[in-house]
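Engineer: Pasting protein-v5.cif here (mmCIF, C-alpha atoms):
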```
data_my_file
loop_
_atom_site.label_atom_id
_atom_site.label_comp_id
_atom_site.auth_asym_id
_atom_site.auth_seq_id
_atom_site.Cartn_x
_atom_site.Cartn_y
_atom_site.Cartn_z
CA MET A 26 125.56 176.09 118.39
CA ASN A 27 127.07 176.60 121.81
CA GLY A 28 125.25 173.69 123.44
CA VAL A 29 125.81 171.24 126.28
CA HIS A 30 126.95 168.63 123.76
CA ASP A 31 130.09 170.73 123.17
CA MET A 32 131.61 169.58 126.44
CA GLY A 33 135.34 169.43 125.72
CA GLY A 34 137.09 171.09 128.67
CA MET A 35 134.22 170.92 131.19
CA GLN A 36 135.18 169.57 134.62
CA CYS A 37 131.85 169.00 136.32
CA PHE A 38 131.00 165.43 135.35
CA GLY A 39 133.10 163.51 137.86
CA PRO A 40 135.44 160.59 137.24
CA VAL A 41 135.38 158.25 134.25
CA LEU A 42 133.97 154.91 135.37
CA PRO A 43 135.20 151.98 133.27
CA GLU A 44 133.12 148.80 133.61
CA THR A 45 134.81 145.40 133.74
CA ASN A 46 133.59 142.93 131.10
CA GLU A 47 131.06 145.41 129.79
CA PRO A 48 128.36 143.86 127.57
CA VAL A 49 127.78 145.38 124.11
CA PHE A 50 124.23 146.28 125.18
CA HIS A 51 123.05 146.69 128.75
CA ALA A 52 119.43 145.97 127.87
CA GLU A 53 117.54 144.59 124.91
CA TRP A 54 115.93 147.98 124.23
CA GLU A 55 119.36 149.55 123.63
CA ALA A 56 120.01 147.05 120.84
CA ARG A 57 116.59 147.77 119.31
CA ALA A 58 117.18 151.54 119.60
CA LEU A 59 120.49 151.25 117.74
CA ALA A 60 118.98 149.07 115.02
CA ILE A 61 115.86 151.22 114.54
CA THR A 62 118.02 154.34 114.21
CA LEU A 63 120.30 152.74 111.62
CA ALA A 64 117.38 151.24 109.69
CA MET A 65 115.38 154.48 109.61
CA ALA A 66 118.37 156.28 108.08
CA GLY A 67 117.70 154.06 105.05
CA TRP A 68 114.79 156.34 104.10
CA GLY A 69 117.34 158.98 103.12
CA LYS A 70 115.33 161.80 104.70
CA TRP A 71 118.27 163.01 106.77
CA ASN A 72 122.03 162.52 107.01
CA ILE A 73 124.50 161.76 109.76
CA ASP A 74 125.22 165.45 110.36
CA SER A 75 121.57 166.43 110.70
CA SER A 76 121.10 163.45 113.03
CA ARG A 77 123.88 164.73 115.24
CA HIS A 78 122.33 168.17 115.18
CA ALA A 79 118.97 166.70 116.20
CA ARG A 80 120.65 165.17 119.27
CA GLU A 81 122.49 168.40 120.05
CA THR A 82 119.28 170.41 120.00
CA LEU A 83 117.46 168.26 122.54
CA PRO A 84 116.57 170.38 125.58
CA PRO A 85 119.85 170.59 127.52
CA ALA A 86 118.44 169.17 130.75
CA ASP A 87 117.12 166.16 128.82
CA TYR A 88 120.41 165.75 126.97
CA LEU A 89 122.33 165.51 130.21
CA ARG A 90 119.79 163.27 131.92
CA TYR A 91 119.41 160.82 129.04
CA SER A 92 121.65 157.85 128.41
CA TYR A 93 123.28 157.54 124.98
CA TYR A 94 120.52 155.50 123.37
CA GLU A 95 117.80 157.64 124.98
CA ARG A 96 119.37 160.61 123.18
CA TRP A 97 119.28 158.63 119.97
CA ILE A 98 115.62 157.69 120.30
CA ALA A 99 114.53 161.18 121.32
CA ALA A 100 116.31 162.70 118.29
CA LEU A 101 115.07 159.99 115.93
CA THR A 102 111.48 160.52 117.07
CA ARG A 103 111.75 164.23 116.43
CA MET A 104 113.30 163.72 112.96
CA MET A 105 110.63 161.20 111.93
CA VAL A 106 107.89 163.70 112.76
CA GLU A 107 109.71 166.63 111.13
CA HIS A 108 110.24 164.67 107.92
CA GLY A 109 106.71 163.32 107.82
CA LEU A 110 107.48 159.64 108.35
CA VAL A 111 105.24 159.41 111.42
CA THR A 112 102.76 161.82 112.98
CA SER A 113 102.55 163.02 116.57
CA GLU A 114 99.13 161.35 116.76
CA GLU A 115 100.66 158.02 115.79
CA LEU A 116 103.35 158.35 118.43
CA GLU A 117 100.64 159.15 120.96
CA SER A 118 98.33 156.29 120.02
CA GLY A 119 100.98 153.77 119.03
CA GLN A 120 98.84 152.96 115.96
CA PRO A 121 99.12 154.02 112.31
CA ASP A 122 96.70 156.82 111.48
CA PRO A 123 93.50 155.42 109.97
CA GLY A 124 93.80 155.12 106.22
CA SER A 125 97.55 155.72 106.10
CA PRO A 126 99.22 153.56 103.44
CA LYS A 127 101.60 150.78 104.45
CA ALA A 128 105.13 151.49 103.26
CA ARG A 129 107.85 149.07 102.21
CA PRO A 130 111.07 149.33 104.26
CA PRO A 131 114.07 150.41 102.14
CA LEU A 132 116.39 148.23 104.25
CA ASP A 133 115.46 144.57 104.41
CA ALA A 134 117.51 141.90 106.15
CA ALA A 135 119.23 140.86 102.92
CA LYS A 136 120.60 144.38 102.40
CA VAL A 137 121.95 144.95 105.93
CA ARG A 138 125.34 143.38 105.43
CA GLU A 139 126.12 145.35 102.30
CA ALA A 140 124.77 148.61 103.73
CA LEU A 141 126.99 148.34 106.81
CA ARG A 142 129.97 147.25 104.73
CA ARG A 143 129.56 150.26 102.46
CA GLY A 144 128.92 152.80 105.23
CA GLY A 145 128.84 156.44 104.24
CA PRO A 146 132.20 157.66 102.96
CA THR A 147 132.50 161.45 103.07
CA ALA A 148 135.58 162.02 100.89
CA ARG A 149 134.62 164.00 97.76
CA PRO A 150 136.42 165.33 94.71
CA LEU A 151 137.08 169.07 94.78
CA ASP A 152 138.48 171.25 92.04
CA ARG A 153 140.32 173.57 94.40
CA GLU A 154 143.80 173.36 95.88
CA PRO A 155 144.13 173.19 99.66
CA ARG A 156 144.64 176.61 101.19
CA PHE A 157 146.97 175.36 103.92
CA ALA A 158 150.13 173.26 103.87
CA LEU A 159 151.49 170.71 106.31
CA GLY A 160 153.37 172.44 109.11
CA GLN A 161 151.57 175.74 108.58
CA LYS A 162 150.30 177.68 111.59
CA VAL A 163 146.59 178.39 111.48
CA ARG A 164 144.06 179.97 113.80
CA ALA A 165 140.68 178.38 114.46
CA ILE A 166 138.16 181.11 113.77
CA ASN A 167 136.30 182.74 116.62
CA ALA A 168 132.75 182.16 115.45
CA HIS A 169 129.58 181.15 117.24
CA PRO A 170 127.15 179.93 114.60
CA LYS A 171 123.64 179.16 115.82
CA GLY A 172 123.50 175.97 113.75
CA HIS A 173 125.56 172.78 113.67
CA THR A 174 129.32 173.10 113.76
CA ARG A 175 132.15 170.62 114.30
CA LEU A 176 134.50 173.32 115.53
CA PRO A 177 134.32 172.92 119.33
CA CYS A 178 134.25 175.99 121.56
CA TYR A 179 137.49 175.05 123.29
CA ALA A 180 139.58 175.46 120.13
CA ARG A 181 138.09 178.69 118.80
CA GLY A 182 140.49 181.58 118.48
CA HIS A 183 143.51 179.39 119.18
CA ILE A 184 146.57 178.78 117.04
CA GLY A 185 147.52 175.31 115.92
CA GLU A 186 149.56 173.56 113.26
CA ILE A 187 148.38 171.55 110.26
CA VAL A 188 149.64 167.98 110.81
CA LEU A 189 147.56 166.01 108.28
CA HIS A 190 145.63 166.85 105.13
CA HIS A 191 142.73 164.38 104.83
CA GLY A 192 141.62 165.68 101.44
CA PRO A 193 138.22 167.21 100.66
CA HIS A 194 135.26 165.92 102.69
CA VAL A 195 131.57 166.69 103.01
CA PHE A 196 131.35 169.81 105.17
CA ALA A 197 129.31 168.75 108.18
CA ASP A 198 128.32 172.30 109.13
CA ALA A 199 126.54 172.75 105.78
CA ASN A 200 125.27 169.20 105.30
CA ALA A 201 123.54 169.18 108.69
CA HIS A 202 121.23 171.93 107.44
CA PHE A 203 120.63 170.35 104.01
CA ARG A 204 122.63 173.10 102.33
CA GLY A 205 124.34 170.51 100.17
CA GLU A 206 127.56 168.60 100.80
CA ASP A 207 129.72 171.66 100.10
CA PRO A 208 133.02 169.67 100.10
CA GLN A 209 135.92 171.41 101.82
CA HIS A 210 139.50 170.44 102.51
CA LEU A 211 139.78 168.71 105.87
CA TYR A 212 142.88 168.88 108.06
CA ALA A 213 144.11 167.51 111.37
CA VAL A 214 145.19 170.58 113.34
CA ARG A 215 147.37 170.18 116.43
CA PHE A 216 147.12 172.62 119.34
CA THR A 217 149.49 172.48 122.26
CA ALA A 218 147.82 171.82 125.60
CA ARG A 219 149.27 175.12 126.86
CA GLU A 220 147.77 177.05 123.93
CA LEU A 221 144.34 175.72 124.84
CA TRP A 222 144.48 175.41 128.62
CA GLY A 223 147.21 177.76 129.80
CA LYS A 224 150.49 177.49 131.61
CA ASP A 225 149.47 174.78 134.07
CA ALA A 226 149.03 172.27 131.25
CA SER A 227 151.84 169.85 130.37
CA PRO A 228 154.41 171.43 128.03
CA ARG A 229 154.52 168.19 126.02
CA ASP A 230 150.84 167.41 125.54
CA SER A 231 148.69 168.33 122.57
CA ILE A 232 145.16 168.03 121.25
CA THR A 233 144.55 167.38 117.56
CA LEU A 234 141.19 168.13 115.94
CA ASP A 235 139.88 167.50 112.45
CA LEU A 236 138.79 170.87 111.07
CA TRP A 237 137.54 171.99 107.67
CA GLU A 238 139.03 174.90 105.76
CA PRO A 239 136.19 177.35 106.66
CA HIS A 240 137.08 176.75 110.35
CA LEU A 241 140.60 178.06 109.80
CA GLU A 242 142.48 181.22 108.90
CA PRO A 243 146.20 181.84 108.43
CA ALA A 244 147.94 182.71 111.71
CA MET B 22 108.63 131.69 126.33
CA PRO B 23 106.27 134.20 124.72
CA GLU B 24 107.37 137.78 125.15
CA ARG B 25 104.53 138.77 127.48
CA ASN B 26 105.26 135.89 129.86
CA ARG B 27 108.85 136.78 130.40
CA PRO B 28 109.77 138.28 133.72
CA HIS B 29 109.56 142.04 133.45
CA HIS B 30 113.19 142.81 133.21
CA ASP B 31 115.58 144.50 130.86
CA HIS B 32 117.66 141.69 129.46
CA ALA B 33 121.23 142.21 128.53
CA LEU B 34 121.84 140.14 125.42
CA GLY B 35 122.91 136.64 126.27
CA HIS B 36 121.52 136.87 129.79
CA GLU B 37 117.90 136.16 129.12
CA HIS B 38 117.35 133.83 132.05
CA ASP B 39 114.87 134.26 134.85
CA HIS B 40 115.85 136.52 137.69
CA GLU B 41 114.30 136.53 141.11
CA HIS B 42 114.41 140.29 141.38
CA GLN B 43 111.66 141.33 139.00
CA HIS B 44 111.01 144.96 138.31
CA PRO B 45 108.92 146.70 135.68
CA PRO B 46 110.52 147.56 132.34
CA SER B 47 112.07 151.00 132.19
CA ALA B 48 110.29 153.90 130.53
CA ALA B 49 112.90 153.78 127.77
CA ALA B 50 112.27 150.07 127.17
CA LEU B 51 108.53 150.68 126.87
CA ARG B 52 109.03 153.66 124.59
CA VAL B 53 111.34 151.80 122.22
CA LYS B 54 109.05 148.78 122.16
CA ALA B 55 106.05 150.95 121.29
CA LEU B 56 108.06 152.78 118.64
CA GLU B 57 109.23 149.57 116.98
CA THR B 58 105.69 148.21 116.92
CA LEU B 59 104.42 151.38 115.26
CA LEU B 60 107.24 151.49 112.69
CA VAL B 61 106.76 147.83 111.77
CA GLU B 62 103.00 148.31 111.37
CA LYS B 63 103.59 151.31 109.12
CA GLY B 64 106.05 149.31 107.04
CA LEU B 65 108.88 151.72 107.86
CA VAL B 66 111.27 149.11 109.28
CA ASP B 67 111.73 145.40 108.67
CA PRO B 68 112.13 143.61 112.04
CA ALA B 69 114.39 141.03 110.39
CA ALA B 70 116.70 143.88 109.31
CA LEU B 71 116.81 145.09 112.90
CA ASP B 72 117.79 141.58 114.03
CA ALA B 73 120.53 141.46 111.40
CA ILE B 74 121.95 144.82 112.51
CA ILE B 75 121.97 143.74 116.15
CA GLU B 76 123.55 140.39 115.33
CA THR B 77 126.33 142.21 113.45
CA TYR B 78 127.33 144.40 116.39
CA ALA B 79 126.57 141.92 119.19
CA GLU B 80 128.44 139.01 117.64
CA LYS B 81 130.54 139.83 114.59
CA VAL B 82 132.14 143.24 114.92
CA GLY B 83 134.23 144.01 117.99
CA PRO B 84 137.71 144.81 119.30
CA ARG B 85 139.10 141.43 118.23
CA ASN B 86 139.10 142.92 114.72
CA GLY B 87 141.32 145.80 115.76
CA ALA B 88 143.55 143.41 117.72
CA ARG B 89 144.23 141.47 114.51
CA VAL B 90 145.17 144.69 112.72
CA VAL B 91 147.59 145.62 115.51
CA ALA B 92 149.09 142.13 115.68
CA ARG B 93 149.70 142.14 111.95
CA ALA B 94 151.29 145.59 112.14
CA TRP B 95 153.63 144.27 114.86
CA SER B 96 154.51 141.19 112.80
CA ASP B 97 154.73 142.45 109.24
CA PRO B 98 156.72 145.63 108.45
CA ASP B 99 155.21 145.84 104.96
CA TYR B 100 151.72 145.79 106.44
CA LEU B 101 152.69 148.51 108.91
CA GLU B 102 153.90 150.62 106.00
CA ARG B 103 150.57 150.13 104.19
CA LEU B 104 148.71 151.09 107.39
CA ARG B 105 150.73 154.29 107.59
CA LYS B 106 150.07 155.17 103.95
CA ASP B 107 146.39 154.26 103.78
CA ALA B 108 144.96 152.72 106.92
CA THR B 109 141.46 152.37 105.44
CA ALA B 110 142.76 150.16 102.61
CA ALA B 111 145.16 148.20 104.83
CA ILE B 112 142.42 147.46 107.36
CA ALA B 113 140.07 146.45 104.53
CA GLU B 114 142.64 143.78 103.58
CA LEU B 115 141.37 141.99 106.71
CA SER B 116 137.76 142.66 105.60
CA TYR B 117 137.09 145.24 108.30
CA GLU B 118 135.41 148.19 106.66
CA GLY B 119 132.29 150.27 106.39
CA ARG B 120 130.07 152.21 108.72
CA GLN B 121 131.99 154.49 111.09
CA GLY B 122 135.30 153.29 109.70
CA GLU B 123 135.11 154.80 106.23
CA HIS B 124 138.25 156.91 106.72
CA MET B 125 140.79 155.33 109.05
CA VAL B 126 144.07 156.75 110.35
CA ILE B 127 146.43 154.94 112.73
CA VAL B 128 148.34 156.85 115.38
CA GLU B 129 151.44 155.13 116.74
CA ASN B 130 152.64 155.07 120.31
CA ASP B 131 156.40 155.10 120.83
CA ALA B 132 158.88 155.69 123.63
CA GLN B 133 158.12 159.43 123.64
CA THR B 134 154.44 159.53 122.67
CA HIS B 135 151.15 158.18 123.99
CA ASN B 136 148.01 158.66 121.89
CA LEU B 137 144.47 158.95 123.24
CA VAL B 138 141.27 159.11 121.17
CA VAL B 139 138.05 160.90 122.14
CA CYS B 140 135.03 162.53 120.53
CA THR B 141 134.06 165.55 122.61
CA LEU B 142 131.04 166.53 120.47
CA CYS B 143 129.29 163.15 120.28
CA SER B 144 130.82 159.67 120.52
CA CYS B 145 132.58 158.98 117.21
CA TYR B 146 134.42 155.67 117.37
CA PRO B 147 135.90 153.27 114.78
CA TRP B 148 133.14 150.64 114.71
CA PRO B 149 134.59 148.16 112.14
CA VAL B 150 137.73 147.61 114.22
CA LEU B 151 136.49 148.18 117.79
CA GLY B 152 132.74 147.50 117.64
CA LEU B 153 130.32 149.78 119.45
CA PRO B 154 131.84 152.12 122.03
CA PRO B 155 131.73 151.27 125.75
CA VAL B 156 129.55 153.39 128.01
CA TRP B 157 132.52 155.22 129.54
CA TYR B 158 133.70 156.36 126.10
CA LYS B 159 130.27 157.90 125.50
CA SER B 160 130.09 159.36 129.00
CA ASP B 161 130.04 163.11 129.60
CA ALA B 162 132.97 162.65 132.02
CA TYR B 163 135.25 161.14 129.37
CA ARG B 164 134.15 163.43 126.53
CA SER B 165 134.72 166.56 128.62
CA ARG B 166 137.94 165.71 130.44
CA ALA B 167 139.98 163.70 127.92
CA VAL B 168 141.06 166.95 126.24
CA ILE B 169 141.75 169.10 129.31
CA ASP B 170 142.99 166.46 131.75
CA PRO B 171 144.14 163.43 129.77
CA ARG B 172 146.65 162.35 132.39
CA GLY B 173 143.98 162.49 135.11
CA VAL B 174 141.65 160.41 132.95
CA LEU B 175 144.41 157.87 132.27
CA ARG B 176 145.02 157.60 136.03
CA GLU B 177 141.38 156.57 136.42
CA PHE B 178 142.23 153.66 134.10
CA GLY B 179 145.25 152.79 136.27
CA LEU B 180 147.70 154.25 133.77
CA GLU B 181 150.30 156.66 135.18
CA LEU B 182 152.40 158.18 132.40
CA PRO B 183 155.83 159.68 133.07
CA GLU B 184 156.04 163.47 132.68
CA GLU B 185 158.58 163.09 129.86
CA LYS B 186 156.10 161.23 127.68
CA ALA B 187 153.92 163.43 125.48
CA VAL B 188 150.19 162.74 125.48
CA ARG B 189 148.66 163.30 122.07
CA VAL B 190 144.87 163.55 122.25
CA TRP B 191 142.85 163.12 119.04
CA ASP B 192 139.37 164.68 119.10
CA SER B 193 137.34 162.94 116.36
CA THR B 194 135.50 165.99 115.06
CA ALA B 195 135.02 164.77 111.45
CA GLU B 196 134.44 161.38 109.78
CA VAL B 197 138.06 160.32 110.19
CA ARG B 198 138.40 157.56 112.78
CA TYR B 199 141.62 157.05 114.70
CA LEU B 200 143.02 153.72 115.87
CA VAL B 201 145.90 153.74 118.33
CA LEU B 202 148.73 151.38 117.44
CA PRO B 203 150.22 150.53 120.85
CA GLN B 204 153.84 149.57 121.34
CA ARG B 205 154.60 145.89 121.11
CA PRO B 206 155.25 144.57 124.63
CA GLU B 207 158.71 143.30 125.64
CA GLY B 208 159.31 139.57 125.66
CA THR B 209 157.04 138.77 122.71
CA ASP B 210 159.71 138.07 120.11
CA GLY B 211 158.79 134.54 119.15
CA MET B 212 155.03 135.00 119.31
CA SER B 213 152.72 134.31 116.39
CA GLU B 214 150.30 136.91 115.06
CA GLU B 215 147.45 135.06 116.76
CA GLN B 216 149.24 135.03 120.12
CA LEU B 217 150.07 138.72 119.78
CA ALA B 218 146.43 139.56 119.05
CA ASN B 219 145.51 138.11 122.45
CA LEU B 220 147.66 140.78 124.10
CA VAL B 221 145.86 143.65 122.40
CA THR B 222 143.06 145.05 124.55
CA ARG B 223 140.30 147.35 123.36
CA ASP B 224 141.50 150.10 125.67
CA SER B 225 145.04 149.89 124.28
CA MET B 226 143.62 150.80 120.87
CA ILE B 227 141.73 153.81 122.30
CA GLY B 228 144.72 154.87 124.37
CA THR B 229 143.22 154.38 127.83
CA GLY B 230 145.29 151.24 128.36
CA LEU B 231 148.37 149.35 127.32
CA PRO B 232 148.57 145.89 125.73
CA LEU B 233 148.88 142.96 128.12
CA THR B 234 152.33 141.54 128.73
CA PRO B 235 152.71 137.77 128.20
CA GLU B 236 152.80 137.41 132.01
CA GLU B 237 149.55 139.34 132.42
CA LEU B 238 147.90 137.16 129.78
CA GLU B 239 148.97 134.03 131.73
CA ARG B 240 147.17 135.38 134.78
#
```
Can you dump the structure from the file as C-alpha cells?
Structural biologist:
Amino acid sequence: MNGVHDMGGMQCFGPVLPETNEPVFHAEWEARALAITLAMAGWGKWNIDSSRHARETLPPADYLRYSYYERWIAALTRMMVEHGLVTSEELESGQPDPGSPKARPPLDAAKVREALRRGGPTARPLDREPRFALGQKVRAINAHPKGHTRLPCYARGHIGEIVLHHGPHVFADANAHFRGEDPQHLYAVRFTARELWGKDASPRDSITLDLWEPHLEPA
Amino acid sequence: MPERNRPHHDHALGHEHDHEHQHPPSAAALRVKALETLLVEKGLVDPAALDAIIETYAEKVGPRNGARVVARAWSDPDYLERLRKDATAAIAELSYEGRQGEHMVIVENDAQTHNLVVCTLCSCYPWPVLGLPPVWYKSDAYRSRAVIDPRGVLREFGLELPEEKAVRVWDSTAEVRYLVLPQRPEGTDGMSEEQLANLVTRDSMIGTGLPLTPEELER
C-alpha cells in the first residue's frame, strides 16, 4: 500500500534530533505499551507482518501525529477487536463484558525469558533454487499492491545488483494477509544513489534493500 | 507510595521521584493504563510477564552487548571470520540472540566505506545487540532522509564524511538485522577487549557515529 509509512525519500520532516543520554523509555506508559504488545502476540492471532500492516493502515493523519508507542497501541487495539480478543464495548467501558469467561494468559512471567530468547526466526526450507545469482542485475518491479508490501516506493522500477542471498524466508507480503508463509528467496539488492535519486546524488553512495524474489525481475 | 497518591506525572523509568511541576497524565498514559487493567481482568495478559519484559529491555539488553561483539571482532581475527560467515551464530556465542536479532549480518566500515542502517518502512533494529531503538531512529525525519540524504543526516550527528568515502545505506526491509562494525580507532593497540568495548558507542554500530578515541574516552 502506498501509505505515509513508506517514507523513504521524503524531505518534509525536518532535521534528525538526537537526544543526549536518552532513557530507554520516556514515560512509564511507553514501557507498558511495549510489554502489552509483545505479550498479546503470545495469543498467536496475528503475526509480525500483520502487526506492521495494522500500524501502516492507521489513518495517515493519526500515523504522523502519533509517537511510536501510540502507533503500537492504536494498532494493537484494532487487532484485538478484529480478532475477537476484546470488544469495542469493553474498550469503551474499561470492564470485561458481563458473563465473559476469564482467560489464562499464554505468556506468564516464567516463559518471558525463553520467548524473547527464541524470537521469531523467518528462515524456512524451500525446495526451489534461487532465481538470481550474486552480482546479477535485477529490476525491482513497478507494482502498487493495495495490501502490505516490503518493497518501498522509492526502489520500484529501478535496477540494482544482488549482493547477498539470505536464503528463503517467510514472505512478509503474503504472511501479513494470512495467506500462509509462502517462503521465497530473500536477497540484499544494492542500488546506486544515482539510480534512485538522479545525477545530483553522490557517485559513490548506495542503498541496499532486502527484497524477496517476487519483488524482482531480471534486468 | 500507592499508585493513586503519586504526583500525576509520566515517570521515566528510574526517575520516579517527586517533581514540583505536576501536570495531569497524558491521554496516552491514561489509555494504556485503562487497556492494561482491562486485559489483566480478562486474563489476557499476566502483569508479572509485562514486568519481566520491561526489565529485560530496561536493564539487561542494550548497546553494551553490541559493543562486546565489536570489541571481540577487533581483538580476535577468528571471531571476526565467524561473524562474517554467520553473524547470528557468532553473536549467539556471547549469548545475545532472539527477538529482532534472529538473522544478523555485520557490515564493515573501512577506509573507503561507511555503513549506515535505517528502516524506512517501520523501525526495524537489532534488539539483542543494541536494545530498543532511540527516538531519533524511529523518527519520520531519520526514516525518510537516511536513504536520500545520508550525508546530510550524518552532519546532523556531527559527522562530516569526505567525498571520496562511499556511504552504504542498508534499509532493513526484511527480518535481517544489520550491525555496523566500525573501524578500530588508532592508538588502541595494547587495549584489552573490555577497554575496547568502552570505545564502542551505540551510534557507531548504527553508522551515525564513530567509536570514541582513547583521548575522547578520557574526557
Engineer: Which residues of chain B have any atom within 6 Å of an atom in chain A when counting all atoms listed in the file, and what is the closest pair of atoms for each, with the distance in Å to one decimal? Order the rows by chain and rising number and write it as a Markdown table.
Structural biologist:
```
| residue | atom | partner | partner_atom | distance |
| --- | --- | --- | --- | --- |
| B:Asp31 | CA | A:Ala52 | CA | 5.1 |
| B:His32 | CA | A:Ala52 | CA | 4.9 |
| B:Ala33 | CA | A:Ala52 | CA | 4.2 |
| B:Ala50 | CA | A:Trp54 | CA | 5.1 |
| B:Leu59 | CA | A:Gly119 | CA | 5.6 |
| B:Lys63 | CA | A:Lys127 | CA | 5.1 |
| B:Gly64 | CA | A:Ala128 | CA | 4.5 |
| B:Leu65 | CA | A:Pro130 | CA | 4.8 |
| B:Val66 | CA | A:Pro130 | CA | 5.0 |
| B:Asp67 | CA | A:Asp133 | CA | 5.7 |
| B:Ala69 | CA | A:Ala134 | CA | 5.3 |
| B:Ala70 | CA | A:Ala134 | CA | 3.8 |
| B:Leu71 | CA | A:Ala60 | CA | 5.0 |
| B:Ile74 | CA | A:Ala60 | CA | 5.8 |
| B:Glu118 | CA | A:Arg142 | CA | 5.8 |
| B:Gly119 | CA | A:Arg142 | CA | 4.2 |
| B:Arg120 | CA | A:Gly144 | CA | 3.7 |
| B:Glu123 | CA | A:Pro146 | CA | 5.2 |
| B:Thr141 | CA | A:Gly33 | CA | 5.1 |
| B:Leu142 | CA | A:Asp31 | CA | 5.1 |
| B:Trp157 | CA | A:Pro43 | CA | 5.6 |
| B:Ala162 | CA | A:Phe38 | CA | 4.8 |
| B:Tyr163 | CA | A:Val41 | CA | 5.7 |
| B:Ser165 | CA | A:Gly33 | CA | 4.1 |
| B:Arg166 | CA | A:Gly34 | CA | 5.7 |
| B:Ile169 | CA | A:Gly34 | CA | 5.1 |
| B:Ala187 | CA | A:Arg229 | CA | 4.8 |
| B:Val188 | CA | A:Asp230 | CA | 4.7 |
| B:Arg189 | CA | A:Ser231 | CA | 5.1 |
| B:Val190 | CA | A:Ile232 | CA | 4.6 |
| B:Trp191 | CA | A:Thr233 | CA | 4.8 |
| B:Asp192 | CA | A:Leu234 | CA | 5.0 |
| B:Thr194 | CA | A:Asp235 | CA | 5.3 |
| B:Ala195 | CA | A:Asp235 | CA | 5.7 |
```
Engineer: Can you pull out every residue within 9 Å of B:Lys186, counting all atoms listed in the file, but drop anything in the same chain fewer than 3 positions away, and send it as a PDB file with C-alpha atoms, keeping the file's coordinate frame?
Structural biologist:
```
ATOM      1  CA  ARG A 229     154.520 168.190 126.020  1.00  0.00           C
ATOM      2  CA  ASP A 230     150.840 167.410 125.540  1.00  0.00           C
TER       3      ASP A 230
ATOM      4  CA  ALA B 132     158.880 155.690 123.630  1.00  0.00           C
ATOM      5  CA  GLN B 133     158.120 159.430 123.640  1.00  0.00           C
ATOM      6  CA  THR B 134     154.440 159.530 122.670  1.00  0.00           C
ATOM      7  CA  HIS B 135     151.150 158.180 123.990  1.00  0.00           C
ATOM      8  CA  LEU B 182     152.400 158.180 132.400  1.00  0.00           C
ATOM      9  CA  PRO B 183     155.830 159.680 133.070  1.00  0.00           C
TER      10      PRO B 183
END
```
Engineer: Here is a test: counting all atoms listed in the file, which residue of A:Cys178, A:Glu154, A:His202, A:Arg149 is nearest to A:Ala79?
Structural biologist: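 Result for the nearest residue to A:Ala79: A:His202.
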Engineer: Find the spatial neighbours of B:Ser144, counting all atoms listed in the file, within a cut-off of 8 Å - ignore same-chain residues fewer than 2 positions away - and output them as a ChimeraX atom specification.
Structural biologist: /B:139-142,146,154,158-159,164
Engineer: Atom CA of A:Leu159 and atom CA of B:Tyr199 are how many Å apart?
Structural biologist: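 Computed distance, atom CA of A:Leu159 to atom CA of B:Tyr199, equals 18.8 Å.
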Engineer: I need the residue nearest B:Leu101 from this list: B:Asp161, B:Glu80, B:Glu129, B:Glu184. Use all atoms listed in the file for the distance.
Structural biologist: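 Selected residue with least distance to B:Leu101: B:Glu129.
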Engineer: Counting all atoms listed in the file, which of B:Lys106, B:Lys81, B:Arg205, B:Arg240 gets nearest to B:Asp131?
Structural biologist: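 Distance minimum relative to B:Asp131 lands on B:Arg205.
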Engineer: Counting all atoms listed in the file, which residues sit no farther than 7 Å from the position (131.4, 145.7, 115.4) in the file's frame? I'd like them as number ranges by chain.
Structural biologist: B: 77-78, 81-83, 148-153
Engineer: So that I have them on file, write out the residues from the current selection with C-alpha atoms, as a PDB file, in the frame of the given file.
Structural biologist:
```pdb
ATOM      1  CA  THR B  77     126.330 142.210 113.450  1.00  0.00           C
ATOM      2  CA  TYR B  78     127.330 144.400 116.390  1.00  0.00           C
ATOM      3  CA  LYS B  81     130.540 139.830 114.590  1.00  0.00           C
ATOM      4  CA  VAL B  82     132.140 143.240 114.920  1.00  0.00           C
ATOM      5  CA  GLY B  83     134.230 144.010 117.990  1.00  0.00           C
ATOM      6  CA  TRP B 148     133.140 150.640 114.710  1.00  0.00           C
ATOM      7  CA  PRO B 149     134.590 148.160 112.140  1.00  0.00           C
ATOM      8  CA  VAL B 150     137.730 147.610 114.220  1.00  0.00           C
ATOM      9  CA  LEU B 151     136.490 148.180 117.790  1.00  0.00           C
ATOM     10  CA  GLY B 152     132.740 147.500 117.640  1.00  0.00           C
ATOM     11  CA  LEU B 153     130.320 149.780 119.450  1.00  0.00           C
TER      12      LEU B 153
END
```
Engineer: Which is closest to A:His190 among A:Tyr88, A:Trp97, A:Trp71, A:Phe157, if we use only C-alpha atoms?
Structural biologist: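 Counting only C-alpha atoms, the residue closest to A:His190 is A:Phe157.
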Engineer: Grab the atom CA of A:Val188 to atom CA of A:Gly160 distance for me, in Å with one decimal place.
Structural biologist: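 Answer for the atom CA of A:Val188 to atom CA of A:Gly160 separation: 6.1 Å.
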Engineer: How far is it from atom CA of B:Met125 to atom CA of B:Val197, in Å with one decimal?
Structural biologist: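 That distance, rounded to one decimal, is 5.8 Å.
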